[in-house]
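For reference, target-v3.csv (CSV, C-alpha atoms and all ligand atoms):
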chain,number,residue,atom,x,y,z
U,1,MET,CA,-11.7,-15.4,4.6
U,2,ALA,CA,-8.8,-15.3,7.0
U,3,ARG,CA,-6.2,-12.5,6.6
U,4,SER,CA,-2.8,-13.6,5.6
U,5,LEU,CA,0.0,-14.0,8.1
U,6,GLN,CA,1.7,-10.8,7.0
U,7,LEU,CA,-1.4,-8.7,7.5
U,8,GLU,CA,-1.9,-10.2,11.0
U,9,ARG,CA,1.8,-9.4,11.8
U,10,ALA,CA,1.4,-5.8,10.4
U,11,ALA,CA,-1.5,-5.3,12.8
U,12,LYS,CA,0.9,-5.9,15.7
U,13,ASN,CA,4.3,-4.6,14.4
U,14,PHE,CA,4.9,-1.5,12.4
U,15,THR,CA,5.8,-2.5,8.9
U,16,ILE,CA,7.7,-1.0,6.0
U,17,ALA,CA,6.5,-1.7,2.5
U,18,PRO,CA,9.3,-0.8,0.0
U,19,SER,CA,7.8,0.6,-3.2
U,20,LEU,CA,9.3,-1.0,-6.4
U,21,LEU,CA,8.7,2.2,-8.3
U,22,SER,CA,12.1,3.4,-6.9
U,23,ALA,CA,13.9,0.1,-7.5
U,24,ASP,CA,16.3,-0.3,-10.4
U,25,ILE,CA,14.0,-1.5,-13.1
U,26,LEU,CA,16.8,-3.5,-14.9
U,27,ASN,CA,18.0,-5.1,-11.6
U,28,MET,CA,14.7,-5.4,-9.8
U,29,GLY,CA,15.4,-8.9,-8.4
U,30,ALA,CA,18.8,-7.9,-7.0
U,31,HIS,CA,17.3,-4.8,-5.5
U,32,ILE,CA,14.5,-6.8,-3.8
U,33,ASP,CA,17.2,-9.2,-2.5
U,34,SER,CA,19.1,-6.3,-1.0
U,35,LEU,CA,16.3,-5.9,1.6
U,36,LYS,CA,17.8,-9.1,3.2
U,37,GLY,CA,14.6,-10.1,4.9
U,38,GLU,CA,14.2,-6.8,6.9
U,39,THR,CA,10.7,-6.7,5.5
U,40,ASP,CA,8.5,-9.3,3.7
U,41,TRP,CA,6.2,-6.7,2.1
U,42,LEU,CA,6.6,-5.3,-1.4
U,43,HIS,CA,4.5,-2.4,-2.6
U,44,ILE,CA,3.7,-2.4,-6.4
U,45,ASP,CA,2.2,0.7,-8.0
U,46,ILE,CA,0.0,0.2,-11.0
U,47,MET,CA,-0.4,3.5,-13.0
U,48,ASP,CA,-2.5,4.0,-16.2
U,49,GLY,CA,-1.3,7.4,-17.5
U,50,HIS,CA,-5.0,8.5,-17.2
U,51,PHE,CA,-6.1,8.5,-13.5
U,52,VAL,CA,-2.5,9.4,-12.7
U,53,PRO,CA,0.1,11.1,-14.9
U,54,ASN,CA,2.5,8.1,-15.2
U,55,LEU,CA,2.6,4.6,-16.6
U,56,SER,CA,4.1,1.6,-14.7
U,57,TYR,CA,3.6,-2.1,-14.7
U,58,GLY,CA,1.1,-4.7,-15.8
U,59,PRO,CA,0.0,-8.0,-14.2
U,60,SER,CA,2.9,-10.0,-15.7
U,61,LEU,CA,5.3,-8.3,-13.2
U,62,VAL,CA,3.1,-9.3,-10.3
U,63,SER,CA,2.9,-12.9,-11.6
U,64,ALA,CA,6.7,-13.0,-11.9
U,65,LEU,CA,7.1,-11.6,-8.4
U,66,ARG,CA,4.6,-14.2,-7.0
U,67,LYS,CA,6.6,-17.0,-8.6
U,68,ARG,CA,10.0,-15.8,-7.4
U,69,TYR,CA,8.9,-14.6,-4.0
U,70,PRO,CA,6.1,-16.9,-2.9
U,71,GLU,CA,6.5,-15.9,0.8
U,72,MET,CA,6.4,-12.2,0.3
U,73,CYS,CA,3.3,-10.0,0.8
U,74,LEU,CA,2.6,-8.5,-2.5
U,75,ASP,CA,0.8,-5.2,-1.8
U,76,VAL,CA,-0.6,-4.0,-5.2
U,77,HIS,CA,-1.9,-0.5,-5.4
U,78,ILE,CA,-4.0,0.2,-8.5
U,79,MET,CA,-4.1,3.8,-9.7
U,80,ALA,CA,-6.1,3.2,-12.8
U,81,GLU,CA,-9.6,4.3,-14.0
U,82,PRO,CA,-12.1,2.7,-14.0
U,83,GLU,CA,-10.7,0.4,-11.3
U,84,GLU,CA,-13.4,-2.2,-12.3
U,85,TYR,CA,-11.6,-2.8,-15.6
U,86,PHE,CA,-8.2,-3.6,-14.0
U,87,VAL,CA,-9.0,-5.6,-10.9
U,88,ASP,CA,-9.5,-9.1,-12.4
U,89,MET,CA,-6.3,-9.1,-14.4
U,90,PHE,CA,-4.4,-8.3,-11.2
U,91,LEU,CA,-6.3,-10.8,-9.1
U,92,ALA,CA,-5.2,-13.5,-11.5
U,93,ALA,CA,-1.6,-12.7,-10.6
U,94,LYS,CA,-2.4,-13.7,-6.9
U,95,PRO,CA,-1.5,-10.6,-4.9
U,96,ASP,CA,-1.9,-10.7,-1.1
U,97,ILE,CA,-3.5,-7.2,-1.1
U,98,LEU,CA,-5.3,-5.4,-3.9
U,99,THR,CA,-6.0,-1.7,-3.2
U,100,VAL,CA,-8.3,0.4,-5.3
U,101,HIS,CA,-9.0,4.1,-5.3
U,102,TYR,CA,-12.3,5.5,-4.0
U,103,GLU,CA,-12.0,8.2,-6.7
U,104,ALA,CA,-11.6,5.8,-9.6
U,105,ALA,CA,-14.3,3.2,-8.8
U,106,LYS,CA,-18.0,3.5,-9.7
U,107,HIS,CA,-19.1,0.9,-7.2
U,108,ILE,CA,-16.5,0.8,-4.5
U,109,HIS,CA,-18.5,-1.4,-2.1
U,110,ARG,CA,-19.1,-4.0,-4.8
U,111,LEU,CA,-15.5,-3.9,-5.8
U,112,ILE,CA,-14.2,-4.5,-2.2
U,113,GLN,CA,-16.6,-7.4,-1.8
U,114,HIS,CA,-15.4,-8.8,-5.2
U,115,ILE,CA,-11.7,-8.6,-4.3
U,116,LYS,CA,-12.3,-10.4,-1.0
U,117,SER,CA,-14.4,-13.1,-2.6
U,118,CYS,CA,-11.5,-13.8,-5.0
U,119,GLY,CA,-9.2,-14.5,-2.0
U,120,ALA,CA,-7.2,-11.3,-1.7
U,121,ALA,CA,-7.3,-8.7,1.0
U,122,ALA,CA,-9.1,-5.6,-0.1
U,123,GLY,CA,-7.7,-2.1,0.3
U,124,VAL,CA,-9.3,1.2,-0.4
U,125,SER,CA,-7.4,4.4,-1.0
U,126,VAL,CA,-8.0,8.2,-0.9
U,127,ASN,CA,-6.0,10.9,-2.6
U,128,PRO,CA,-4.8,13.9,-0.6
U,129,GLY,CA,-7.8,16.0,-1.9
U,130,THR,CA,-10.4,13.4,-0.8
U,131,SER,CA,-11.8,13.3,2.7
U,132,GLU,CA,-11.4,9.9,4.5
U,133,THR,CA,-15.0,10.4,5.8
U,134,LEU,CA,-16.2,9.4,2.4
U,135,LEU,CA,-15.0,5.9,3.2
U,136,THR,CA,-17.3,5.6,6.2
U,137,PRO,CA,-19.8,3.2,4.5
U,138,VAL,CA,-17.1,0.7,3.5
U,139,LEU,CA,-14.8,0.8,6.5
U,140,CYS,CA,-16.5,-2.3,8.0
U,141,GLU,CA,-15.6,-4.2,4.8
U,142,ALA,CA,-12.0,-3.0,4.2
U,143,ASP,CA,-9.0,-5.0,5.1
U,144,LEU,CA,-6.7,-2.0,4.6
U,145,VAL,CA,-7.1,1.8,4.1
U,146,LEU,CA,-4.3,3.5,2.2
U,147,VAL,CA,-3.9,7.2,2.8
U,148,MET,CA,-2.1,8.9,0.0
U,149,SER,CA,0.4,11.3,1.6
U,150,VAL,CA,1.5,12.7,-1.8
U,151,ASN,CA,-0.5,13.2,-5.0
U,152,PRO,CA,-0.3,9.8,-6.8
U,153,GLY,CA,1.9,9.3,-9.9
U,154,TYR,CA,5.5,9.7,-8.9
U,155,GLY,CA,8.0,8.6,-6.2
U,156,GLY,CA,10.3,11.1,-4.5
U,157,GLN,CA,7.7,13.8,-3.6
U,158,SER,CA,7.3,15.6,-0.3
U,159,PHE,CA,5.0,14.3,2.4
U,160,ILE,CA,1.7,16.3,2.9
U,161,PRO,CA,1.4,16.9,6.6
U,162,GLU,CA,-2.4,17.1,6.5
U,163,SER,CA,-2.3,13.3,5.9
U,164,LEU,CA,-1.5,12.8,9.6
U,165,LYS,CA,-4.9,14.1,10.5
U,166,LYS,CA,-6.5,11.5,8.2
U,167,ILE,CA,-4.5,8.7,9.7
U,168,SER,CA,-5.5,9.8,13.3
U,169,ALA,CA,-9.2,10.0,12.3
U,170,LEU,CA,-9.1,6.6,10.7
U,171,SER,CA,-7.3,5.2,13.8
U,172,ASP,CA,-10.0,6.7,16.1
U,173,THR,CA,-12.8,5.4,13.9
U,174,ARG,CA,-11.3,1.9,13.9
U,175,LYS,CA,-11.1,1.9,17.7
U,176,ALA,CA,-14.6,3.3,18.2
U,177,ASN,CA,-16.2,0.7,16.0
U,178,GLY,CA,-14.0,-2.3,16.6
U,179,TYR,CA,-12.9,-2.5,13.0
U,180,SER,CA,-9.8,-4.3,12.0
U,181,TYR,CA,-8.5,-2.6,8.8
U,182,LEU,CA,-4.8,-1.8,8.6
U,183,ILE,CA,-3.9,1.8,7.9
U,184,GLU,CA,-1.2,2.3,5.3
U,185,ALA,CA,0.4,5.6,4.4
U,186,ASP,CA,2.0,6.1,1.0
U,187,GLY,CA,4.3,8.8,-0.3
U,188,GLY,CA,7.1,11.0,1.0
U,189,ILE,CA,7.9,8.7,4.0
U,190,SER,CA,11.5,8.5,5.2
U,191,PRO,CA,13.4,8.1,8.5
U,192,LYS,CA,12.7,11.8,9.1
U,193,ASN,CA,8.9,11.5,9.5
U,194,VAL,CA,8.2,7.8,10.0
U,195,ALA,CA,7.8,8.2,13.8
U,196,SER,CA,5.0,10.8,13.4
U,197,VAL,CA,3.2,8.6,10.9
U,198,ALA,CA,3.4,5.6,13.2
U,199,SER,CA,2.3,7.5,16.3
U,200,ALA,CA,-0.8,8.8,14.3
U,201,GLY,CA,-1.9,5.2,14.1
U,202,CYS,CA,-0.5,3.9,10.9
U,203,ASN,CA,0.5,0.2,10.6
U,204,VAL,CA,2.3,0.1,7.3
U,205,ALA,CA,4.4,2.8,5.7
U,206,VAL,CA,5.2,2.6,2.0
U,207,ALA,CA,8.7,3.9,1.3
U,208,GLY,CA,10.2,4.1,-2.2
U,209,SER,CA,13.0,6.6,-2.7
U,210,ALA,CA,13.9,6.5,1.0
U,211,VAL,CA,14.6,2.8,0.7
U,212,PHE,CA,15.6,1.9,-2.9
U,213,GLY,CA,17.2,5.3,-3.5
U,214,LYS,CA,19.9,4.4,-0.9
U,215,PRO,CA,22.9,2.2,-1.2
U,216,GLU,CA,21.8,-0.2,1.7
U,217,PRO,CA,18.0,-0.6,1.5
U,218,ASP,CA,18.1,-3.2,4.4
U,219,LYS,CA,19.7,-0.7,6.8
U,220,VAL,CA,17.1,2.0,6.0
U,221,VAL,CA,14.2,-0.4,6.6
U,222,ALA,CA,15.8,-1.5,9.9
U,223,GLU,CA,16.3,2.1,10.9
U,224,MET,CA,12.7,3.1,10.0
U,225,LYS,CA,11.3,0.3,12.0
U,226,ARG,CA,13.4,1.3,15.0
U,227,LEU,CA,12.4,5.0,14.7
U,228,ALA,CA,8.7,3.9,14.5
U,229,GLY,CA,9.1,2.3,17.8
U,230,GLY,CA,8.7,-1.4,16.9
U,231,LYS,CA,5.4,-2.5,18.3
U,232,LEU,CA,2.2,-0.4,17.9
U,301,LIG,C1,3.0,7.3,-5.6
U,301,LIG,C2,3.1,5.9,-5.3
U,301,LIG,C3,4.0,5.6,-4.1
U,301,LIG,C4,5.5,5.9,-4.4
U,301,LIG,C5,6.1,6.3,-3.1
U,301,LIG,O1,1.9,7.5,-6.6
U,301,LIG,O2,1.8,5.4,-4.9
U,301,LIG,O3,3.9,4.2,-3.7
U,301,LIG,O4,6.2,4.9,-5.0
U,301,LIG,O5,7.4,6.8,-3.3
U,301,LIG,P1,8.1,7.7,-2.3
U,301,LIG,O6,8.3,6.9,-1.0
U,301,LIG,O7,9.4,8.0,-3.0
U,301,LIG,O8,7.3,8.9,-2.0
U,302,ZN,ZN,1.6,3.3,-3.9

Take the structure in this file and express it as structure tokens.
Amino acid sequence: MARSLQLERAAKNFTIAPSLLSADILNMGAHIDSLKGETDWLHIDIMDGHFVPNLSYGPSLVSALRKRYPEMCLDVHIMAEPEEYFVDMFLAAKPDILTVHYEAAKHIHRLIQHIKSCGAAAGVSVNPGTSETLLTPVLCEADLVLVMSVNPGYGGQSFIPESLKKISALSDTRKANGYSYLIEADGGISPKNVASVASAGCNVAVAGSAVFGKPEPDKVVAEMKRLAGGKL
């Protein structure tokens, strides 16, 4: 199945995916609109209070976003265990990308194939304590690899510098094998470190508190894209 336009664009131009976790929950639509088209990605964190120590949204939020923002790339990141139990209810909400955690899935290869067969792009994620080398057998199948650059569960944490090595290694592996997965980094990314994340080979940076925690989210996104150097 062909990748969506937004994924193709992200392969060529560094992309910011604002994380809704830091948006004003009672004014989410207005907060999304304040991005003013600086990015067409939205990162949506699903947390179960079990795999990660926090609870967030259910599929109804993703369905509502799909309805109101049909052109946006809905980048859904499921931090819930077992992943197998949650995937179908979120696929029904028609995300563009569904990312699952290596650590929370029993059959990660089967799950990636299932997500793709249902028409979404399949992402696979590793926590800071998990080596990216464990993903080797599924890299040929993945549309996106999400490197957690903080421990999952909360916005506003500090970037873990070791993540840069993982991003570089994944970028080297992609080149050596002719793979096409996007590399996404998630957690603690701001104008201060976005350039180093981009030069390590990352295509998409998730940013929550750095974007929605500021009075003019559109300006932060524009600045982060500029600092990352535009094209890869
Ligand atoms: C953390 C989430 C992140 C989070 C990032 O578990 O996966 O997407 O929203 O927030 P910041 O950018 O504030 O670290
Ligand atoms: Zn996330």

Determine, for each residue of stretch 56-167 of chain U having at least one atom at most 10 Å from an atom of stretch 198-212 of chain U, the closest pair of atoms and their separation in Å to one decimal, counting only C-alpha atoms; order by chain and ascending number, as a Markdown table.
| residue | atom | partner | partner_atom | distance |
| --- | --- | --- | --- | --- |
| U:Asp75 | CA | U:Val206 | CA | 9.7 |
| U:Leu144 | CA | U:Asn203 | CA | 9.6 |
| U:Val145 | CA | U:Cys202 | CA | 9.7 |
| U:Leu146 | CA | U:Val204 | CA | 9.0 |
| U:Val147 | CA | U:Cys202 | CA | 9.4 |
| U:Met148 | CA | U:Val206 | CA | 9.8 |
| U:Ser149 | CA | U:Val206 | CA | 9.9 |
| U:Tyr154 | CA | U:Gly208 | CA | 9.9 |
| U:Gly155 | CA | U:Gly208 | CA | 6.4 |
| U:Gly156 | CA | U:Ser209 | CA | 5.5 |
| U:Gln157 | CA | U:Ser209 | CA | 9.0 |
| U:Ser163 | CA | U:Ala200 | CA | 9.6 |
| U:Leu164 | CA | U:Ala200 | CA | 6.2 |
| U:Lys165 | CA | U:Ala200 | CA | 7.7 |
| U:Lys166 | CA | U:Ala200 | CA | 8.8 |
| U:Ile167 | CA | U:Ala200 | CA | 5.9 |

Residues from the last selection, C-alpha atoms, saved as a PDB file, in the coordinates of the input:
ATOM      1  CA  ASP U  75       0.800  -5.200  -1.800  1.00  0.00           C
ATOM      2  CA  LEU U 144      -6.700  -2.000   4.600  1.00  0.00           C
ATOM      3  CA  VAL U 145      -7.100   1.800   4.100  1.00  0.00           C
ATOM      4  CA  LEU U 146      -4.300   3.500   2.200  1.00  0.00           C
ATOM      5  CA  VAL U 147      -3.900   7.200   2.800  1.00  0.00           C
ATOM      6  CA  MET U 148      -2.100   8.900   0.000  1.00  0.00           C
ATOM      7  CA  SER U 149       0.400  11.300   1.600  1.00  0.00           C
ATOM      8  CA  TYR U 154       5.500   9.700  -8.900  1.00  0.00           C
ATOM      9  CA  GLY U 155       8.000   8.600  -6.200  1.00  0.00           C
ATOM     10  CA  GLY U 156      10.300  11.100  -4.500  1.00  0.00           C
ATOM     11  CA  GLN U 157       7.700  13.800  -3.600  1.00  0.00           C
ATOM     12  CA  SER U 163      -2.300  13.300   5.900  1.00  0.00           C
ATOM     13  CA  LEU U 164      -1.500  12.800   9.600  1.00  0.00           C
ATOM     14  CA  LYS U 165      -4.900  14.100  10.500  1.00  0.00           C
ATOM     15  CA  LYS U 166      -6.500  11.500   8.200  1.00  0.00           C
ATOM     16  CA  ILE U 167      -4.500   8.700   9.700  1.00  0.00           C
TER      17      ILE U 167
END

Find the residues around U:Val62 up to 9 Å (only C-alpha atoms counted), leave out those fewer than 3 positions away in its own chain, and share them as a PDB file with C-alpha atoms, in the coordinates of the input.
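Generated output (out-v2.pdb):
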ATOM      1  CA  ILE U  44       3.700  -2.400  -6.400  1.00  0.00           C
ATOM      2  CA  TYR U  57       3.600  -2.100 -14.700  1.00  0.00           C
ATOM      3  CA  GLY U  58       1.100  -4.700 -15.800  1.00  0.00           C
ATOM      4  CA  PRO U  59       0.000  -8.000 -14.200  1.00  0.00           C
ATOM      5  CA  LEU U  65       7.100 -11.600  -8.400  1.00  0.00           C
ATOM      6  CA  ARG U  66       4.600 -14.200  -7.000  1.00  0.00           C
ATOM      7  CA  LYS U  67       6.600 -17.000  -8.600  1.00  0.00           C
ATOM      8  CA  LEU U  74       2.600  -8.500  -2.500  1.00  0.00           C
ATOM      9  CA  VAL U  76      -0.600  -4.000  -5.200  1.00  0.00           C
ATOM     10  CA  PHE U  90      -4.400  -8.300 -11.200  1.00  0.00           C
ATOM     11  CA  ALA U  93      -1.600 -12.700 -10.600  1.00  0.00           C
ATOM     12  CA  LYS U  94      -2.400 -13.700  -6.900  1.00  0.00           C
ATOM     13  CA  PRO U  95      -1.500 -10.600  -4.900  1.00  0.00           C
TER      14      PRO U  95
END

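Going from atom CA of U:Ile78 to atom CA of U:Lys175 covers 27.2 Å.
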
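One finds atom CA of U:Phe86 at 22.3 Å from atom CA of U:Ala185.
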
Name the residues in contact with U:Leu35 at a cut-off of 12 Å, using only C-alpha atoms, excluding same-chain residues fewer than 3 positions from it; report them as number ranges by chain. U: 16-20, 23, 28-32, 38-42, 72, 211-212, 214-222

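With only C-alpha atoms as the atoms that count, the minimum distance from U:Ala169 to the choices U:Leu139, U:Thr133, U:Leu182, U:Gly123 is reached by U:Thr133.
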
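With atom CA of U:Val126 on one side and atom CA of U:Leu5 on the other, the separation reads 25.3 Å.
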
Find, counting all atoms listed in the file, the residue in U:Val138, U:Val194, U:Ala176, U:Leu61 that gets nearest to ligand LIG 301 (chain U). U:Val194

Find the residues near ligand ZN 302 (chain U). Use a cut-off of 6 Å, count all atoms listed in the file, and write them as a VMD selection string. chain U and resid 45 77 186

Export of the given selection (C-alpha atoms) as a PDB file, keeping the file's coordinate frame:
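selection07.pdb written:
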ATOM      1  CA  ASP U  45       2.200   0.700  -8.000  1.00  0.00           C
ATOM      2  CA  HIS U  77      -1.900  -0.500  -5.400  1.00  0.00           C
ATOM      3  CA  ASP U 186       2.000   6.100   1.000  1.00  0.00           C
TER       4      ASP U 186
END

Using only C-alpha atoms, pick whichever of U:Ser171, U:Gly119, U:Arg110, U:Thr15 has the shortest atom-to-atom distance to U:Glu223. U:Thr15

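When all atoms listed in the file are used to measure the gap to ligand LIG 301 (chain U), the shortest distance among U:Asn151, U:Ser63, U:Gln6, U:Ser117 belongs to U:Asn151.
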
With distances taken over all atoms listed in the file, the candidate from U:Lys192, U:His43, U:Lys116, U:His109 nearest ligand LIG 301 (chain U) is U:His43

Just checking: using all atoms listed in the file, which residue out of U:Ser125, U:Thr173, U:Ser196, U:Ser22 ends up closest to U:Ala80? U:Ser125

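Residues with any atom within 10 Å of the point (-9.3, 3.9, -9.8), counting all atoms listed in the file, are U:Met47, U:Asp48, U:His50, U:Phe51, U:Val52, U:His77, U:Ile78, U:Met79, U:Ala80, U:Glu81, U:Pro82, U:Glu83, U:Glu84, U:Tyr85, U:Phe86, U:Val87, U:Thr99, U:Val100, U:His101, U:Tyr102, U:Glu103, U:Ala104, U:Ala105, U:Lys106, U:Ile108, U:Val124, U:Ser125, U:Val126.
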
Centre and edges of the stretch 177-180 of chain U box, axis-aligned, 4 Å extra per side, as lines of an AutoDock Vina configuration file:
center_x = -13.0
center_y = -1.8
center_z = 14.3
size_x = 14.4
size_y = 13.0
size_z = 12.6

With the input short on atoms, add all heavy atoms back to stretch 177-187 of chain U and write it as an mmCIF file, in the coordinates of the input.
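And here's result_29.cif as it stands now:
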data_model
loop_
_atom_site.group_PDB
_atom_site.id
_atom_site.type_symbol
_atom_site.label_atom_id
_atom_site.label_comp_id
_atom_site.auth_asym_id
_atom_site.auth_seq_id
_atom_site.Cartn_x
_atom_site.Cartn_y
_atom_site.Cartn_z
ATOM 1 N N ASN U 177 -15.249 1.696 16.564
ATOM 2 C CA ASN U 177 -16.200 0.700 16.000
ATOM 3 C C ASN U 177 -15.710 -0.720 16.048
ATOM 4 O O ASN U 177 -16.402 -1.618 15.560
ATOM 5 C CB ASN U 177 -16.427 1.086 14.498
ATOM 6 C CG ASN U 177 -17.153 2.402 14.349
ATOM 7 O OD1 ASN U 177 -18.361 2.478 14.504
ATOM 8 N ND2 ASN U 177 -16.398 3.464 14.081
ATOM 9 N N GLY U 178 -14.519 -0.923 16.582
ATOM 10 C CA GLY U 178 -14.000 -2.300 16.600
ATOM 11 C C GLY U 178 -13.649 -2.852 15.264
ATOM 12 O O GLY U 178 -13.698 -4.064 15.051
ATOM 13 N N TYR U 179 -13.290 -1.984 14.318
ATOM 14 C CA TYR U 179 -12.900 -2.500 13.000
ATOM 15 C C TYR U 179 -11.455 -2.968 13.015
ATOM 16 O O TYR U 179 -10.696 -2.661 13.937
ATOM 17 C CB TYR U 179 -13.000 -1.332 11.949
ATOM 18 C CG TYR U 179 -14.409 -0.837 11.689
ATOM 19 C CD1 TYR U 179 -14.624 0.475 11.255
ATOM 20 C CD2 TYR U 179 -15.510 -1.665 11.853
ATOM 21 C CE1 TYR U 179 -15.908 0.944 10.998
ATOM 22 C CE2 TYR U 179 -16.797 -1.207 11.594
ATOM 23 C CZ TYR U 179 -16.989 0.100 11.173
ATOM 24 O OH TYR U 179 -18.246 0.557 10.922
ATOM 25 N N SER U 180 -11.087 -3.697 11.962
ATOM 26 C CA SER U 180 -9.800 -4.300 12.000
ATOM 27 C C SER U 180 -8.889 -3.925 10.779
ATOM 28 O O SER U 180 -7.845 -4.520 10.564
ATOM 29 C CB SER U 180 -9.897 -5.824 12.053
ATOM 30 O OG SER U 180 -10.640 -6.259 10.936
ATOM 31 N N TYR U 181 -9.303 -2.937 10.001
ATOM 32 C CA TYR U 181 -8.500 -2.600 8.800
ATOM 33 C C TYR U 181 -7.105 -2.075 9.252
ATOM 34 O O TYR U 181 -6.955 -1.436 10.291
ATOM 35 C CB TYR U 181 -9.189 -1.540 7.959
ATOM 36 C CG TYR U 181 -9.658 -0.283 8.664
ATOM 37 C CD1 TYR U 181 -8.792 0.756 8.978
ATOM 38 C CD2 TYR U 181 -11.010 -0.140 9.008
ATOM 39 C CE1 TYR U 181 -9.242 1.906 9.617
ATOM 40 C CE2 TYR U 181 -11.470 1.002 9.660
ATOM 41 C CZ TYR U 181 -10.573 2.028 9.949
ATOM 42 O OH TYR U 181 -11.010 3.167 10.589
ATOM 43 N N LEU U 182 -6.121 -2.386 8.409
ATOM 44 C CA LEU U 182 -4.800 -1.800 8.600
ATOM 45 C C LEU U 182 -4.812 -0.404 7.986
ATOM 46 O O LEU U 182 -5.513 -0.172 6.993
ATOM 47 C CB LEU U 182 -3.725 -2.629 7.888
ATOM 48 C CG LEU U 182 -3.495 -4.049 8.386
ATOM 49 C CD1 LEU U 182 -2.468 -4.739 7.490
ATOM 50 C CD2 LEU U 182 -3.024 -4.048 9.831
ATOM 51 N N ILE U 183 -4.024 0.497 8.549
ATOM 52 C CA ILE U 183 -3.900 1.800 7.900
ATOM 53 C C ILE U 183 -2.472 1.886 7.338
ATOM 54 O O ILE U 183 -1.462 1.624 8.008
ATOM 55 C CB ILE U 183 -4.055 2.935 8.997
ATOM 56 C CG1 ILE U 183 -5.437 2.816 9.655
ATOM 57 C CG2 ILE U 183 -3.875 4.312 8.343
ATOM 58 C CD1 ILE U 183 -5.653 3.755 10.844
ATOM 59 N N GLU U 184 -2.447 2.208 6.050
ATOM 60 C CA GLU U 184 -1.200 2.300 5.300
ATOM 61 C C GLU U 184 -1.036 3.740 4.818
ATOM 62 O O GLU U 184 -2.011 4.336 4.358
ATOM 63 C CB GLU U 184 -1.212 1.322 4.132
ATOM 64 C CG GLU U 184 0.063 1.286 3.300
ATOM 65 C CD GLU U 184 0.022 0.173 2.239
ATOM 66 O OE1 GLU U 184 -1.053 -0.026 1.613
ATOM 67 O OE2 GLU U 184 1.056 -0.489 2.021
ATOM 68 N N ALA U 185 0.158 4.304 4.938
ATOM 69 C CA ALA U 185 0.400 5.600 4.400
ATOM 70 C C ALA U 185 1.409 5.505 3.261
ATOM 71 O O ALA U 185 2.324 4.683 3.316
ATOM 72 C CB ALA U 185 0.986 6.547 5.487
ATOM 73 N N ASP U 186 1.201 6.303 2.211
ATOM 74 C CA ASP U 186 2.000 6.100 1.000
ATOM 75 C C ASP U 186 2.407 7.434 0.378
ATOM 76 O O ASP U 186 1.574 8.202 -0.101
ATOM 77 C CB ASP U 186 1.096 5.322 -0.018
ATOM 78 C CG ASP U 186 1.834 4.973 -1.303
ATOM 79 O OD1 ASP U 186 3.055 5.216 -1.396
ATOM 80 O OD2 ASP U 186 1.167 4.446 -2.213
ATOM 81 N N GLY U 187 3.720 7.676 0.428
ATOM 82 C CA GLY U 187 4.300 8.800 -0.300
ATOM 83 C C GLY U 187 5.036 9.776 0.666
ATOM 84 O O GLY U 187 4.528 10.222 1.693
#
